[in-house]
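To start, the structure under review is shown below, and the notes come after it.
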Amino acid sequence: MTTTAFAFVVAAYLIGSLSFAVIVSKAMGMADPRSYGSGNPGATNVLRSGKKLAAALTLLGDGVKGWVAVALTAWFGPQYGLGEQAIAMSALAVLIGHMWPVFFGFKGGKGVATAVGVLLGFSPWLALAALATWLFVAFVLKISSLSAIVACVLTPVYAYFILGPQSVYFGSCIIIAILVVHRHKSNLIKLLTGQEDKIGDKGTDKGSS
């Protein structure tokens with residue numbers, strides 16, 4: 001990895017480390033989302049506060065930062081001789097930053113919104129396919145974590161057909177799916193035992209989304 005590529009990757013990680021759940025909540029005079037509900041700094045948990053605007057802003061901010069990290073490398077990388085590999089590394093870096101943010105004690109969210117932002121940077125059609133899957137499962141079953149898991153598992157399949165198996169982004173999608181599903185491991189256990197909260201529930205279990 002060149003010094004320039006490393007700089008872009010570090011920048012992407014720092015962008016990802018901006019936890020909008022915490023930032024938005026503080027700006028709106030709300031409790032830290034890590035102190036209630038599931039304790040997860042993400043839009044689903046912020047929604048448990050009853051503040052829909054805060055949840056929407058969190059979702060938007062976390063999604064946009066994923067897209068920005070990819071877009072910046074795609075826009076400015078070529079003039080430094082950087083190509084798709086650097087873009088793919090920046091995509092993973094922003095997601096890792098969201099999950100393990102340096103600004104918030106390495107305790108971050110589960111990465112769903114940021115992952116969608118990254119996918120949008122890769123391909124609007126890929127992001128649309130993943131988002132449509134999430135929305136469909138969420139509408140039918142009303143379980144955010146299951147929607148995220150299903151969407152992530154299917155994303156590499158979508159990437160295979162939309163981007164092609166030879167695309168470096170296809171490999172990135174596999175890693176993204178693994179990371180997001182890994183962050184939902186406690187949710188998987190609760191899903192299997194029938195204890196997972198549904199969207200909008202003001203649950204207090206730390207394993208929920």
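Scheme for the structure tokens: letters A, B, ... for chains in order shown; per-chain residue numbers from 1; ligand numbers from 1 in order shown.
Neighbouring residues of Ala91 of chain A at 8 Å or closer, counting only C-alpha atoms and skipping chain neighbours under 2 positions away, are Ala12, Gly66, Ala69, Val70, Ile87, Ala88, Met89, Ala93, Val94, Leu95, Val118 and Ser172 of chain A.
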Only C-alpha atoms, please: the residues just picked out, written as a PDB file, in the first residue's frame.
```
ATOM      1  CA  ALA A  12     -12.102   6.911   5.621  1.00  0.00           C
ATOM      2  CA  GLY A  66     -20.245   5.549   4.055  1.00  0.00           C
ATOM      3  CA  ALA A  69     -15.628   7.852   2.140  1.00  0.00           C
ATOM      4  CA  VAL A  70     -16.038   5.854  -1.072  1.00  0.00           C
ATOM      5  CA  ILE A  87     -11.709   2.577  -3.133  1.00  0.00           C
ATOM      6  CA  ALA A  88     -12.509  -0.896  -1.810  1.00  0.00           C
ATOM      7  CA  MET A  89     -10.079  -0.458   1.093  1.00  0.00           C
ATOM      8  CA  ALA A  93     -12.150   1.341   6.522  1.00  0.00           C
ATOM      9  CA  VAL A  94     -15.219   3.569   6.916  1.00  0.00           C
ATOM     10  CA  LEU A  95     -17.303   0.569   7.986  1.00  0.00           C
ATOM     11  CA  VAL A 118     -20.783   2.194   0.866  1.00  0.00           C
ATOM     12  CA  SER A 172     -15.526  -6.168  -0.536  1.00  0.00           C
TER      13      SER A 172
END
```
Out of segment 1-95 of chain A, which residues get helix (DSSP H, G or I) from DSSP, as a compact mmCIF listing (two decimals) with N, CA, C and O atoms, in the first residue's frame?
```
# COMPACT_ATOMS: atom_id res chain seq x y z
N THR A 3 1.81 5.36 0.41
CA THR A 3 1.52 6.33 1.46
C THR A 3 0.22 7.06 1.19
O THR A 3 -0.58 7.31 2.09
N THR A 4 -0.01 7.39 -0.07
CA THR A 4 -1.24 8.10 -0.44
C THR A 4 -2.47 7.24 -0.21
O THR A 4 -3.49 7.70 0.33
N ALA A 5 -2.38 5.98 -0.61
CA ALA A 5 -3.51 5.07 -0.40
C ALA A 5 -3.78 4.92 1.09
O ALA A 5 -4.94 4.91 1.53
N PHE A 6 -2.70 4.83 1.87
CA PHE A 6 -2.86 4.70 3.33
C PHE A 6 -3.56 5.93 3.90
O PHE A 6 -4.40 5.80 4.80
N ALA A 7 -3.22 7.10 3.37
CA ALA A 7 -3.84 8.34 3.85
C ALA A 7 -5.34 8.33 3.57
O ALA A 7 -6.14 8.76 4.43
N PHE A 8 -5.74 7.87 2.40
CA PHE A 8 -7.16 7.80 2.08
C PHE A 8 -7.88 6.81 2.99
O PHE A 8 -9.01 7.06 3.44
N VAL A 9 -7.24 5.69 3.28
CA VAL A 9 -7.83 4.67 4.14
C VAL A 9 -7.99 5.21 5.56
O VAL A 9 -9.03 5.01 6.20
N VAL A 10 -6.98 5.89 6.07
CA VAL A 10 -7.06 6.47 7.41
C VAL A 10 -8.16 7.53 7.47
O VAL A 10 -8.94 7.59 8.44
N ALA A 11 -8.24 8.35 6.43
CA ALA A 11 -9.29 9.37 6.37
C ALA A 11 -10.67 8.73 6.40
O ALA A 11 -11.59 9.21 7.08
N ALA A 12 -10.82 7.62 5.66
CA ALA A 12 -12.10 6.91 5.62
C ALA A 12 -12.44 6.36 7.00
O ALA A 12 -13.59 6.43 7.45
N TYR A 13 -11.44 5.82 7.68
CA TYR A 13 -11.67 5.29 9.03
C TYR A 13 -12.12 6.40 9.98
O TYR A 13 -13.05 6.20 10.79
N LEU A 14 -11.50 7.56 9.89
CA LEU A 14 -11.86 8.67 10.77
C LEU A 14 -13.27 9.19 10.47
O LEU A 14 -14.01 9.55 11.38
N ILE A 15 -13.63 9.19 9.19
CA ILE A 15 -14.99 9.58 8.82
C ILE A 15 -15.98 8.58 9.42
O ILE A 15 -17.02 8.95 9.98
N GLY A 16 -15.64 7.31 9.33
CA GLY A 16 -16.50 6.27 9.89
C GLY A 16 -16.63 6.37 11.40
O GLY A 16 -17.65 5.98 11.97
N PHE A 20 -22.97 9.18 14.45
CA PHE A 20 -24.06 10.15 14.37
C PHE A 20 -25.15 9.90 15.41
O PHE A 20 -25.88 10.83 15.77
N ALA A 21 -25.27 8.68 15.89
CA ALA A 21 -26.24 8.42 16.95
C ALA A 21 -25.89 9.25 18.19
O ALA A 21 -26.76 9.86 18.82
N VAL A 22 -24.61 9.28 18.52
CA VAL A 22 -24.15 10.04 19.69
C VAL A 22 -24.17 11.54 19.39
O VAL A 22 -24.63 12.34 20.21
N ILE A 23 -23.69 11.92 18.21
CA ILE A 23 -23.60 13.33 17.83
C ILE A 23 -24.99 13.97 17.76
O ILE A 23 -25.22 15.04 18.32
N VAL A 24 -25.90 13.31 17.08
CA VAL A 24 -27.26 13.84 16.94
C VAL A 24 -27.96 13.92 18.30
O VAL A 24 -28.62 14.91 18.62
N SER A 25 -27.82 12.86 19.08
CA SER A 25 -28.47 12.84 20.39
C SER A 25 -27.96 13.97 21.28
O SER A 25 -28.75 14.65 21.96
N LYS A 26 -26.67 14.21 21.27
CA LYS A 26 -26.10 15.28 22.07
C LYS A 26 -26.58 16.64 21.58
O LYS A 26 -26.94 17.52 22.37
N ALA A 27 -26.61 16.81 20.25
CA ALA A 27 -27.05 18.08 19.67
C ALA A 27 -28.51 18.38 19.98
O ALA A 27 -28.90 19.55 20.11
N PRO A 33 -27.30 7.41 23.40
CA PRO A 33 -27.96 6.16 23.00
C PRO A 33 -27.28 4.90 23.55
O PRO A 33 -27.88 3.83 23.55
N ARG A 34 -26.06 5.07 24.02
CA ARG A 34 -25.35 3.93 24.60
C ARG A 34 -25.80 3.67 26.03
O ARG A 34 -25.35 2.70 26.65
N SER A 35 -26.69 4.54 26.55
CA SER A 35 -27.12 4.42 27.95
C SER A 35 -28.54 3.86 28.10
O SER A 35 -29.02 3.72 29.22
N ALA A 43 -29.41 3.92 14.54
CA ALA A 43 -30.72 4.53 14.33
C ALA A 43 -31.85 3.75 14.99
O ALA A 43 -32.79 4.33 15.53
N THR A 44 -31.78 2.42 14.96
CA THR A 44 -32.84 1.60 15.55
C THR A 44 -32.96 1.86 17.04
O THR A 44 -34.06 1.99 17.59
N ASN A 45 -31.81 1.94 17.72
CA ASN A 45 -31.85 2.19 19.16
C ASN A 45 -32.28 3.62 19.47
O ASN A 45 -33.01 3.87 20.43
N VAL A 46 -31.83 4.57 18.66
CA VAL A 46 -32.23 5.97 18.86
C VAL A 46 -33.75 6.08 18.72
O VAL A 46 -34.39 6.86 19.43
N LEU A 47 -34.34 5.28 17.83
CA LEU A 47 -35.79 5.29 17.65
C LEU A 47 -36.51 4.90 18.94
O LEU A 47 -37.63 5.34 19.18
N LYS A 52 -38.33 10.38 16.50
CA LYS A 52 -38.20 9.88 15.13
C LYS A 52 -37.24 10.73 14.30
O LYS A 52 -36.52 10.22 13.45
N LEU A 53 -37.24 12.05 14.52
CA LEU A 53 -36.33 12.92 13.78
C LEU A 53 -34.89 12.57 14.09
O LEU A 53 -34.04 12.51 13.18
N ALA A 54 -34.58 12.32 15.34
CA ALA A 54 -33.22 11.96 15.74
C ALA A 54 -32.80 10.65 15.08
O ALA A 54 -31.65 10.51 14.62
N ALA A 55 -33.71 9.70 15.05
CA ALA A 55 -33.42 8.41 14.42
C ALA A 55 -33.18 8.58 12.93
O ALA A 55 -32.25 7.98 12.35
N ALA A 56 -33.99 9.43 12.29
CA ALA A 56 -33.86 9.67 10.84
C ALA A 56 -32.53 10.35 10.53
O ALA A 56 -31.84 9.99 9.57
N LEU A 57 -32.15 11.33 11.36
CA LEU A 57 -30.89 12.03 11.15
C LEU A 57 -29.70 11.11 11.38
O LEU A 57 -28.68 11.20 10.69
N THR A 58 -29.83 10.22 12.35
CA THR A 58 -28.77 9.24 12.61
C THR A 58 -28.61 8.31 11.42
O THR A 58 -27.50 8.04 10.96
N LEU A 59 -29.73 7.82 10.91
CA LEU A 59 -29.71 6.93 9.75
C LEU A 59 -29.09 7.63 8.55
O LEU A 59 -28.24 7.05 7.85
N LEU A 60 -29.48 8.87 8.32
CA LEU A 60 -28.96 9.64 7.19
C LEU A 60 -27.46 9.89 7.34
O LEU A 60 -26.69 9.68 6.40
N GLY A 61 -27.06 10.34 8.53
CA GLY A 61 -25.65 10.64 8.75
C GLY A 61 -24.76 9.42 8.60
O GLY A 61 -23.71 9.48 7.95
N ASP A 62 -25.19 8.30 9.18
CA ASP A 62 -24.38 7.08 9.09
C ASP A 62 -24.31 6.56 7.66
O ASP A 62 -23.30 5.98 7.25
N GLY A 63 -25.41 6.75 6.91
CA GLY A 63 -25.39 6.31 5.51
C GLY A 63 -24.54 7.20 4.64
O GLY A 63 -23.74 6.72 3.83
N VAL A 64 -24.67 8.51 4.83
CA VAL A 64 -23.92 9.46 4.01
C VAL A 64 -22.42 9.32 4.22
O VAL A 64 -21.63 9.40 3.26
N LYS A 65 -22.00 9.08 5.46
CA LYS A 65 -20.55 8.98 5.69
C LYS A 65 -19.95 7.77 4.95
O LYS A 65 -18.80 7.82 4.49
N GLY A 66 -20.73 6.70 4.82
CA GLY A 66 -20.25 5.55 4.06
C GLY A 66 -20.06 5.90 2.60
O GLY A 66 -19.04 5.54 1.98
N TRP A 67 -21.03 6.64 2.06
CA TRP A 67 -20.93 7.06 0.66
C TRP A 67 -19.79 8.06 0.46
O TRP A 67 -19.04 7.97 -0.53
N VAL A 68 -19.65 9.00 1.38
CA VAL A 68 -18.62 10.04 1.25
C VAL A 68 -17.22 9.42 1.22
O VAL A 68 -16.38 9.82 0.40
N ALA A 69 -16.96 8.47 2.09
CA ALA A 69 -15.63 7.85 2.14
C ALA A 69 -15.27 7.19 0.81
O ALA A 69 -14.14 7.30 0.32
N VAL A 70 -16.26 6.51 0.22
CA VAL A 70 -16.04 5.85 -1.07
C VAL A 70 -15.91 6.89 -2.18
O VAL A 70 -15.01 6.82 -3.03
N ALA A 71 -16.79 7.89 -2.17
CA ALA A 71 -16.81 8.91 -3.22
C ALA A 71 -15.53 9.73 -3.23
O ALA A 71 -14.99 10.05 -4.31
N LEU A 72 -15.02 10.10 -2.07
CA LEU A 72 -13.81 10.91 -2.01
C LEU A 72 -12.62 10.17 -2.63
O LEU A 72 -11.83 10.76 -3.37
N THR A 73 -12.51 8.88 -2.32
CA THR A 73 -11.41 8.10 -2.91
C THR A 73 -11.61 7.91 -4.40
O THR A 73 -10.65 7.96 -5.18
N ALA A 74 -12.85 7.74 -4.81
CA ALA A 74 -13.15 7.57 -6.24
C ALA A 74 -12.89 8.86 -7.02
O ALA A 74 -12.42 8.83 -8.17
N TRP A 75 -13.18 10.01 -6.41
CA TRP A 75 -13.00 11.29 -7.08
C TRP A 75 -11.55 11.74 -7.13
O TRP A 75 -11.06 12.17 -8.16
N PHE A 76 -10.88 11.66 -5.99
CA PHE A 76 -9.53 12.23 -5.89
C PHE A 76 -8.41 11.20 -6.00
O PHE A 76 -7.26 11.56 -6.26
N PRO A 78 -7.75 8.80 -8.35
CA PRO A 78 -7.12 8.60 -9.65
C PRO A 78 -5.98 9.58 -9.95
O PRO A 78 -5.00 9.21 -10.62
N GLN A 79 -6.07 10.81 -9.45
CA GLN A 79 -4.99 11.76 -9.73
C GLN A 79 -3.71 11.41 -8.98
O GLN A 79 -2.64 11.97 -9.26
N TYR A 80 -3.82 10.47 -8.04
CA TYR A 80 -2.64 9.98 -7.32
C TYR A 80 -2.31 8.55 -7.73
O TYR A 80 -1.55 7.86 -7.06
N GLU A 84 -9.56 1.10 -8.12
CA GLU A 84 -10.65 0.46 -7.40
C GLU A 84 -10.20 -0.23 -6.12
O GLU A 84 -10.96 -0.32 -5.16
N GLN A 85 -8.98 -0.71 -6.09
CA GLN A 85 -8.50 -1.38 -4.88
C GLN A 85 -8.46 -0.40 -3.70
O GLN A 85 -8.86 -0.75 -2.58
N ALA A 86 -8.02 0.81 -3.95
CA ALA A 86 -7.99 1.83 -2.89
C ALA A 86 -9.40 2.21 -2.47
O ALA A 86 -9.67 2.44 -1.28
N ILE A 87 -10.31 2.26 -3.44
CA ILE A 87 -11.71 2.58 -3.13
C ILE A 87 -12.30 1.48 -2.25
O ILE A 87 -12.99 1.76 -1.26
N ALA A 88 -12.01 0.24 -2.59
CA ALA A 88 -12.51 -0.90 -1.81
C ALA A 88 -11.96 -0.87 -0.39
O ALA A 88 -12.68 -1.15 0.58
N MET A 89 -10.68 -0.52 -0.23
CA MET A 89 -10.08 -0.46 1.09
C MET A 89 -10.68 0.68 1.91
O MET A 89 -10.90 0.55 3.13
N SER A 90 -10.96 1.80 1.27
CA SER A 90 -11.59 2.93 1.95
C SER A 90 -13.00 2.54 2.40
O SER A 90 -13.46 2.94 3.48
N ALA A 91 -13.68 1.76 1.58
CA ALA A 91 -15.04 1.30 1.91
C ALA A 91 -15.02 0.46 3.18
O ALA A 91 -15.86 0.64 4.08
N LEU A 92 -14.07 -0.45 3.26
CA LEU A 92 -13.96 -1.29 4.45
C LEU A 92 -13.52 -0.47 5.65
O LEU A 92 -13.99 -0.70 6.78
N ALA A 93 -12.65 0.51 5.43
CA ALA A 93 -12.15 1.34 6.52
C ALA A 93 -13.26 2.18 7.16
O ALA A 93 -13.32 2.32 8.38
N VAL A 94 -14.15 2.75 6.35
CA VAL A 94 -15.22 3.57 6.92
C VAL A 94 -16.19 2.70 7.72
O VAL A 94 -16.71 3.13 8.76
N LEU A 95 -16.42 1.48 7.26
CA LEU A 95 -17.30 0.57 7.99
C LEU A 95 -16.67 0.14 9.31
O LEU A 95 -17.33 0.11 10.35
```
Which residue of A:Gly117, A:Ile149, A:Phe136, A:Leu18 approaches Phe103 of chain A most closely, using only C-alpha atoms: A:Leu18
Nearest to Ser123 of chain A: which of A:Pro41, A:Lys107, A:Lys142, A:Phe170 is it, counting only C-alpha atoms?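 Comparing A:Pro41, A:Lys107, A:Lys142, A:Phe170 against Ser123 of chain A, the winner is A:Phe170.
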Which one of A:Ala129, A:Asn187, A:Tyr169, A:Met99 sits closest to Gly83 of chain A if you count only C-alpha atoms? A:Tyr169
